[in-house]
Each structure stands twice: as C-alpha cells, then as structure tokens.
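Next up, coords-v3.cif (mmCIF, C-alpha atoms):
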```
data_input
#
loop_
_atom_site.group_PDB
_atom_site.id
_atom_site.type_symbol
_atom_site.label_atom_id
_atom_site.label_comp_id
_atom_site.auth_asym_id
_atom_site.auth_seq_id
_atom_site.Cartn_x
_atom_site.Cartn_y
_atom_site.Cartn_z
ATOM 1 C CA MET A 597 14.342 -20.485 13.017
ATOM 2 C CA GLY A 598 14.685 -16.813 13.786
ATOM 3 C CA CYS A 599 14.368 -15.210 10.350
ATOM 4 C CA SER A 600 11.832 -12.826 11.943
ATOM 5 C CA VAL A 601 10.869 -11.991 15.535
ATOM 6 C CA ALA A 602 8.183 -9.888 17.224
ATOM 7 C CA VAL A 603 7.448 -9.440 20.936
ATOM 8 C CA ASP A 604 4.493 -8.027 22.880
ATOM 9 C CA GLY A 605 4.968 -8.269 26.637
ATOM 10 C CA GLU A 606 5.970 -11.786 27.609
ATOM 11 C CA TRP A 607 4.839 -13.356 24.320
ATOM 12 C CA ALA A 608 6.812 -13.639 21.102
ATOM 13 C CA ILE A 609 6.307 -14.978 17.609
ATOM 14 C CA VAL A 610 9.376 -16.312 15.813
ATOM 15 C CA GLY A 611 9.395 -17.045 12.094
ATOM 16 C CA SER A 612 11.129 -20.090 10.709
ATOM 17 C CA CYS A 613 10.766 -19.356 7.003
ATOM 18 C CA GLY A 614 12.882 -22.282 5.816
ATOM 19 C CA ASP A 615 11.146 -24.885 7.985
ATOM 20 C CA SER A 616 9.926 -28.040 6.263
ATOM 21 C CA LYS A 617 9.260 -30.147 9.364
ATOM 22 C CA PHE A 618 5.470 -29.726 9.467
ATOM 23 C CA SER A 619 4.505 -29.803 5.796
ATOM 24 C CA GLY A 620 7.313 -31.900 4.337
ATOM 25 C CA LEU A 621 7.766 -29.192 1.693
ATOM 26 C CA SER A 622 11.161 -27.521 1.414
ATOM 27 C CA GLY A 623 11.002 -23.908 2.580
ATOM 28 C CA ALA A 624 7.263 -23.974 3.372
ATOM 29 C CA GLY A 625 7.962 -22.338 6.748
ATOM 30 C CA ALA A 626 6.370 -22.122 10.183
ATOM 31 C CA ALA A 627 6.084 -19.701 13.100
ATOM 32 C CA TYR A 628 6.541 -20.446 16.792
ATOM 33 C CA TYR A 629 4.515 -18.715 19.523
ATOM 34 C CA LEU A 630 6.459 -18.704 22.755
ATOM 35 C CA ASN A 631 6.633 -17.208 26.214
ATOM 36 C CA VAL A 632 9.885 -15.355 26.825
ATOM 37 C CA ASN A 633 9.683 -15.968 30.598
ATOM 38 C CA ASP A 634 9.527 -19.754 30.473
ATOM 39 C CA ASN A 635 11.361 -20.197 27.130
ATOM 40 C CA GLY A 636 8.659 -22.615 26.081
ATOM 41 C CA ILE A 637 7.129 -22.986 22.639
ATOM 42 C CA HIS A 638 3.375 -22.988 23.245
ATOM 43 C CA LEU A 639 2.050 -23.180 19.659
ATOM 44 C CA VAL A 640 3.344 -23.788 16.163
ATOM 45 C CA LEU A 641 1.540 -21.915 13.395
ATOM 46 C CA THR A 642 1.705 -23.201 9.847
ATOM 47 C CA SER A 643 0.202 -22.047 6.582
ATOM 48 C CA PRO A 644 -3.287 -23.354 5.835
ATOM 49 C CA ASP A 645 -2.116 -23.747 2.213
ATOM 50 C CA PRO A 646 1.574 -24.727 2.437
ATOM 51 C CA SER A 647 3.728 -24.735 -0.664
ATOM 52 C CA GLN A 648 7.380 -25.285 -1.420
ATOM 53 C CA LEU A 649 9.481 -22.136 -0.886
ATOM 54 C CA ALA A 650 6.503 -20.113 0.421
ATOM 55 C CA HIS A 651 8.709 -18.924 3.301
ATOM 56 C CA PHE A 652 5.804 -18.673 5.741
ATOM 57 C CA GLY A 653 7.282 -16.750 8.677
ATOM 58 C CA SER A 654 9.492 -14.462 6.569
ATOM 59 C CA ALA A 655 7.968 -11.579 8.555
ATOM 60 C CA VAL A 656 5.899 -11.602 11.758
ATOM 61 C CA ALA A 657 3.928 -9.199 13.940
ATOM 62 C CA LEU A 658 1.768 -9.685 17.004
ATOM 63 C CA LEU A 659 -0.676 -7.603 18.995
ATOM 64 C CA ARG A 660 -1.942 -8.782 22.373
ATOM 65 C CA VAL A 661 -5.110 -7.298 23.853
ATOM 66 C CA GLY A 662 -6.351 -8.923 27.059
ATOM 67 C CA THR A 663 -6.492 -12.678 26.557
ATOM 68 C CA THR A 664 -6.415 -12.491 22.750
ATOM 69 C CA THR A 665 -3.364 -12.226 20.523
ATOM 70 C CA THR A 666 -3.558 -11.384 16.837
ATOM 71 C CA VAL A 667 -0.644 -12.680 14.785
ATOM 72 C CA LEU A 668 0.222 -11.544 11.253
ATOM 73 C CA ILE A 669 2.633 -13.770 9.339
ATOM 74 C CA GLY A 670 4.210 -12.971 5.977
ATOM 75 C CA ALA A 671 4.942 -15.646 3.389
ATOM 76 C CA GLU A 672 6.814 -13.785 0.683
ATOM 77 C CA GLY A 673 7.143 -16.824 -1.566
ATOM 78 C CA ALA A 674 3.523 -17.989 -1.411
ATOM 79 C CA THR A 675 1.604 -18.673 -4.587
ATOM 80 C CA ALA A 676 -1.324 -16.278 -5.015
ATOM 81 C CA ASN A 677 -3.493 -15.210 -7.917
ATOM 82 C CA GLY A 678 -2.210 -18.340 -9.667
ATOM 83 C CA ALA A 679 1.371 -17.049 -9.880
ATOM 84 C CA PRO A 680 4.547 -18.124 -8.044
ATOM 85 C CA PHE A 681 6.253 -15.955 -5.432
ATOM 86 C CA VAL A 682 3.488 -13.345 -5.374
ATOM 87 C CA GLY A 683 3.455 -13.708 -1.599
ATOM 88 C CA ALA A 684 0.736 -13.187 0.998
ATOM 89 C CA ALA A 685 0.154 -12.573 4.680
ATOM 90 C CA TYR A 686 -1.907 -14.671 7.084
ATOM 91 C CA LEU A 687 -3.883 -13.543 10.137
ATOM 92 C CA PHE A 688 -4.329 -15.834 13.143
ATOM 93 C CA THR A 689 -6.110 -15.335 16.460
ATOM 94 C CA ILE A 690 -4.760 -16.958 19.605
ATOM 95 C CA SER A 691 -7.008 -17.149 22.667
ATOM 96 C CA HIS A 692 -5.427 -17.611 26.081
ATOM 97 C CA LEU A 693 -7.912 -19.690 28.066
ATOM 98 C CA PRO A 694 -7.967 -20.437 31.792
ATOM 99 C CA ALA A 695 -6.206 -23.618 32.905
ATOM 100 C CA PRO A 696 -6.491 -26.477 32.162
ATOM 101 C CA ALA A 697 -7.733 -25.491 28.689
ATOM 102 C CA GLY A 698 -4.550 -23.580 27.821
ATOM 103 C CA MET A 699 -4.772 -21.746 24.517
ATOM 104 C CA SER A 700 -6.357 -22.157 21.136
ATOM 105 C CA GLN A 701 -5.480 -20.840 17.709
ATOM 106 C CA ARG A 702 -7.690 -19.977 14.755
ATOM 107 C CA PHE A 703 -6.713 -19.057 11.215
ATOM 108 C CA SER A 704 -8.619 -15.867 10.341
ATOM 109 C CA ARG A 705 -7.784 -14.982 6.745
ATOM 110 C CA LYS A 706 -5.211 -14.799 3.974
ATOM 111 C CA LEU A 707 -4.356 -11.296 2.755
ATOM 112 C CA ILE A 708 -3.575 -11.132 -0.972
ATOM 113 C CA ALA A 709 -2.606 -8.050 -2.985
ATOM 114 C CA SER A 710 -5.263 -7.301 -5.581
ATOM 115 C CA ASP A 711 -2.639 -6.608 -8.249
ATOM 116 C CA GLY A 712 -0.082 -9.204 -7.137
ATOM 117 C CA MET A 713 2.215 -10.590 -9.823
ATOM 118 C CA ASP A 714 4.925 -13.227 -9.846
ATOM 119 C CA TYR A 715 7.977 -12.323 -7.761
ATOM 120 C CA ASP A 716 6.322 -9.385 -5.965
ATOM 121 C CA HIS A 717 7.269 -10.949 -2.591
ATOM 122 C CA VAL A 718 4.196 -9.632 -0.767
ATOM 123 C CA GLY A 719 4.698 -10.411 2.931
ATOM 124 C CA CYS A 720 8.402 -9.567 3.156
ATOM 125 C CA ALA A 721 7.467 -7.107 5.959
ATOM 126 C CA VAL A 722 4.325 -6.918 8.127
ATOM 127 C CA ALA A 723 2.879 -4.640 10.823
ATOM 128 C CA MET A 724 -0.484 -4.063 12.532
ATOM 129 C CA HIS A 725 -2.151 -1.049 14.113
ATOM 130 C CA GLY A 726 -5.692 0.140 14.731
ATOM 131 C CA GLY A 727 -7.445 -2.630 12.844
ATOM 132 C CA ARG A 728 -5.146 -2.287 9.851
ATOM 133 C CA ALA A 729 -2.528 -4.703 8.549
ATOM 134 C CA LEU A 730 0.356 -3.272 6.545
ATOM 135 C CA VAL A 731 2.046 -5.778 4.269
ATOM 136 C CA GLY A 732 5.266 -4.890 2.460
ATOM 137 C CA ALA A 733 6.157 -6.105 -1.024
ATOM 138 C CA ARG A 734 9.649 -5.495 -2.287
ATOM 139 C CA GLY A 735 8.898 -6.305 -5.904
ATOM 140 C CA PRO A 736 5.722 -4.679 -7.273
ATOM 141 C CA ASP A 737 5.436 -1.763 -9.661
ATOM 142 C CA SER A 738 8.585 -2.408 -11.567
ATOM 143 C CA PRO A 739 8.509 -0.912 -15.061
ATOM 144 C CA MET A 740 9.222 -4.314 -16.626
ATOM 145 C CA GLY A 741 7.123 -6.348 -14.152
ATOM 146 C CA GLY A 742 7.933 -9.512 -12.263
ATOM 147 C CA ARG A 743 11.322 -11.169 -12.096
ATOM 148 C CA ALA A 744 12.737 -9.577 -15.265
ATOM 149 C CA ALA A 745 12.572 -6.111 -13.720
ATOM 150 C CA SER A 746 15.578 -3.871 -14.053
ATOM 151 C CA ARG A 747 14.284 -1.624 -11.288
ATOM 152 C CA VAL A 748 12.229 -2.727 -8.293
ATOM 153 C CA ASN A 749 10.319 0.030 -6.499
ATOM 154 C CA GLY A 750 8.239 -1.964 -4.023
ATOM 155 C CA GLY A 751 5.043 -1.087 -2.217
ATOM 156 C CA VAL A 752 2.988 -1.471 0.945
ATOM 157 C CA TYR A 753 -0.542 -2.869 0.929
ATOM 158 C CA VAL A 754 -2.983 -1.758 3.629
ATOM 159 C CA PHE A 755 -5.729 -4.213 4.612
ATOM 160 C CA ASP A 756 -8.710 -3.993 6.936
ATOM 161 C CA MET A 757 -8.081 -6.841 9.381
ATOM 162 C CA ALA A 758 -11.769 -7.464 10.130
ATOM 163 C CA SER A 759 -12.809 -7.959 6.509
ATOM 164 C CA GLY A 760 -9.485 -8.794 4.847
ATOM 165 C CA SER A 761 -10.205 -6.160 2.192
ATOM 166 C CA GLN A 762 -7.329 -4.260 0.647
ATOM 167 C CA ILE A 763 -8.038 -0.579 1.302
ATOM 168 C CA ALA A 764 -4.909 1.112 -0.014
ATOM 169 C CA LYS A 765 -1.585 0.626 -1.724
ATOM 170 C CA LEU A 766 1.348 2.862 -0.891
ATOM 171 C CA VAL A 767 4.089 3.246 -3.503
ATOM 172 C CA PRO A 768 7.160 5.463 -3.942
ATOM 173 C CA SER A 769 6.325 8.906 -5.262
ATOM 174 C CA SER A 770 8.254 8.412 -8.501
ATOM 175 C CA VAL A 771 8.955 5.373 -10.673
ATOM 176 C CA ASP A 772 12.158 7.160 -11.632
ATOM 177 C CA GLY A 773 13.612 6.425 -8.203
ATOM 178 C CA PRO A 774 16.918 4.657 -7.668
ATOM 179 C CA THR A 775 17.468 1.074 -8.805
ATOM 180 C CA CYS A 776 16.340 -1.517 -6.249
ATOM 181 C CA LEU A 777 14.667 1.005 -3.967
ATOM 182 C CA TRP A 778 12.620 -1.871 -2.442
ATOM 183 C CA PHE A 779 10.099 0.415 -0.764
ATOM 184 C CA GLY A 780 8.107 -1.798 1.613
ATOM 185 C CA ALA A 781 10.937 -4.184 2.467
ATOM 186 C CA SER A 782 11.857 -4.264 6.134
#
```

Just give me the structure of the file as structure tokens.
Amino acid sequence: MGCSVAVDGEWAIVGSCGDSKFSGLSGAGAAYYLNVNDNGIHLVLTSPDPSQLAHFGSAVALLRVGTTTTVLIGAEGATANGAPFVGAAYLFTISHLPAPAGMSQRFSRKLIASDGMDYDHVGCAVAMHGGRALVGARGPDSPMGGRAASRVNGGVYVFDMASGSQIAKLVPSSVDGPTCLWFGAS
C-alpha cells in the first residue's frame, strides 16, 4: 500500500499495486479511497478485469467537484490488445450521498492506447484536467519495440474522459534521444 497517492481536499486515493487480497491474483492491485481527517478507508477500488501482475494502482489521480469524485487509476502491467504488460488506466466515479446512504462507486471505462504493445507499461503515470485524462507509458516507441528495446523513449496518451477516445499521443521530439529517456514516466 502506498505505491501512489493523490489528494484533493480531505479525500485521498492510495494505490496498492502489489495487493492480491481482493482478487487472489499476485500483484493484481487495488486502490483505497480514504478521508484524511478521519483516517478511515471508505471504499476499495479494484480492477473490473483483474490479472496477475497488472499492478492496478501503480498511479492514481482524483478530481473532486461538488459531491462527485472522478478517480483515474493506472495499471501498468495490465493485459490489453491481447498482449502482456501493455498497461491501461481505469476511470471510476464516486458519488457522495447524504446519510445514511453514504457513497457509491461506478466503473466508467478502461482507457487503452490504440498502438499499445507488450511491455509499454501504459498507466505508469496518470493525471486529469479539463475533461482530459493523460496516461503515461514509459515503454512505447522504442526502435526495437517491446521488451527487447535497447532504448525506451516513452510517451503520453491523451484521452477524452467522457467518451474514452484517445485524442492524442505525445512523444519525445527525437527518437535519437538518450537511452532510457522514459518520457511519460512519473
């Protein structure tokens, strides 16, 4: 617990990317939504498609507006596009309801890079602003591709949070950059 942390006001989301308690799968991960004033864990968020070593919670972000909190959770080891360790990010909505109802959570969507390949580690960093989700990937665009890469340049994927559509991909200006630049890693 604590591999990633984000706070907005009195609420925090804490990633536990090695957690296996809820899925029974080693390294599947989880994220804990808590109130920093009462030190209480109010919700536990888990991947809707857990897998071993997905590392759900490897990066977290939250944005609270009124009684609604949007949570973005990276899972840099998630399987996507049929390949291992492509990674992904997951959007959740948490509604704070009047007592005695408490709060409710809803999985919104899984964000997947359109060109994701094995060992891209999409979801190693996440951020949100203005209806956009930015999802870092420390492994894409290597000249040799995937795990065998001698140089890893990285990238950042920009998604529209309402539709889940990928709208841009930001990459270093030159593939001749330094070895292990890891653009997009936090």

Which segment 624-711 of chain A residues have any atom within 9 Å of an atom of segment 617-620 of chain A, and for each, what is the nearest pair of atoms with distance in Å to one decimal, counting only C-alpha atoms, rows sorted by chain and number, as CSV?
```
residue,atom,partner,partner_atom,distance
A:Ala624,CA,A:Ser619,CA,6.9
A:Gly625,CA,A:Phe618,CA,8.3
A:Ala626,CA,A:Phe618,CA,7.7
A:Thr642,CA,A:Phe618,CA,7.5
A:Ser643,CA,A:Ser619,CA,8.9
A:Pro646,CA,A:Ser619,CA,6.8
A:Ser647,CA,A:Ser619,CA,8.2
A:Gln648,CA,A:Gly620,CA,8.8
```

* Asked: Nearest to Ile690 of chain A among A:Leu659, A:Val754, A:Val601, A:Val632, with distances taken over all atoms listed in the file: which residue is it?
  -> A:Leu659

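You can rank A:Tyr628, A:Asn677, A:Leu649, A:Trp607 by their closest distance to Thr664 of chain A using all atoms listed in the file, and at the top of that list sits A:Trp607.
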
* Asked: Selected by the PyMOL selection byres ((chain A and resi 681) around 7) in the shown coordinates: which residues, as a PyMOL selection string?
  -> chain A and resi 672-675+679-680+682-683+714-717

How big is the axis-aligned box, and where does its centre sit, when it encloses all atoms of segment 681-693 of chain A listed in the file and has 3 Å added on every side, reported in Å to one decimal as lines of an AutoDock Vina configuration file?
```
center_x = -0.8
center_y = -16.1
center_z = 11.3
size_x = 20.2
size_y = 13.1
size_z = 39.5
```

* To do: Extract, using all atoms listed in the file, all DNA, RNA and protein residues at most 12 Å from Gly653 of chain A, discarding same-chain residues fewer than 5 positions from it, and format them as an MDAnalysis selection string.
  => chainID A and resid 597:602 609:616 623:629 640:643 646 667:674 683:687 719:722

* Interatomic distance (Å, one decimal) between atom CA of Gly698 of chain A and atom CA of Gly760 of chain A -> 27.8 Å

* To do: Please evaluate the PyMOL selection byres ((chain A and resi 605) around 12) against the displayed coordinates and give the resulting residues as a PyMOL selection string.
  => chain A and resi 602-604+606-609+630-633+658-662+665

Please, could you write that set of residues out with C-alpha atoms as a short mmCIF file (atom, residue, chain, number, x, y, z; two decimals), keeping the file's coordinate frame?
```
data_model
loop_
_atom_site.label_atom_id
_atom_site.label_comp_id
_atom_site.auth_asym_id
_atom_site.auth_seq_id
_atom_site.Cartn_x
_atom_site.Cartn_y
_atom_site.Cartn_z
CA ALA A 602 8.18 -9.89 17.22
CA VAL A 603 7.45 -9.44 20.94
CA ASP A 604 4.49 -8.03 22.88
CA GLU A 606 5.97 -11.79 27.61
CA TRP A 607 4.84 -13.36 24.32
CA ALA A 608 6.81 -13.64 21.10
CA ILE A 609 6.31 -14.98 17.61
CA LEU A 630 6.46 -18.70 22.76
CA ASN A 631 6.63 -17.21 26.21
CA VAL A 632 9.88 -15.36 26.82
CA ASN A 633 9.68 -15.97 30.60
CA LEU A 658 1.77 -9.68 17.00
CA LEU A 659 -0.68 -7.60 19.00
CA ARG A 660 -1.94 -8.78 22.37
CA VAL A 661 -5.11 -7.30 23.85
CA GLY A 662 -6.35 -8.92 27.06
CA THR A 665 -3.36 -12.23 20.52
#
```

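Between His651 of chain A and the candidates A:Val718, A:Lys706, A:Gly678, A:Gly712, the tightest atom-to-atom separation, counting all atoms listed in the file, involves A:Val718.
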
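Our summary of the geometry notes that atom CA of Gly727 of chain A is positioned 5.5 Å from atom CA of Met757 of chain A.
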
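Distances here use only C-alpha atoms; by that measure, the residue among A:Leu693, A:Ala729, A:Ala676, A:Ala709 closest to Thr663 of chain A is A:Leu693.
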
* Asked: So what does the PyMOL selection byres ((chain A and resi 763) around 12) actually pick up in this one, as an NGL selection string?
  -> :A and (707-710 or 727-731 or 752-762 or 764-766)

* Asked: Between A:Met699, A:Ser782, A:Met724, A:Asn749, which has the minimum distance to Val767 of chain A (counting all atoms listed in the file)?
  -> A:Asn749

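Coordinates place atom CA of Gly780 of chain A at a distance of 16.2 Å from atom CA of His725 of chain A.
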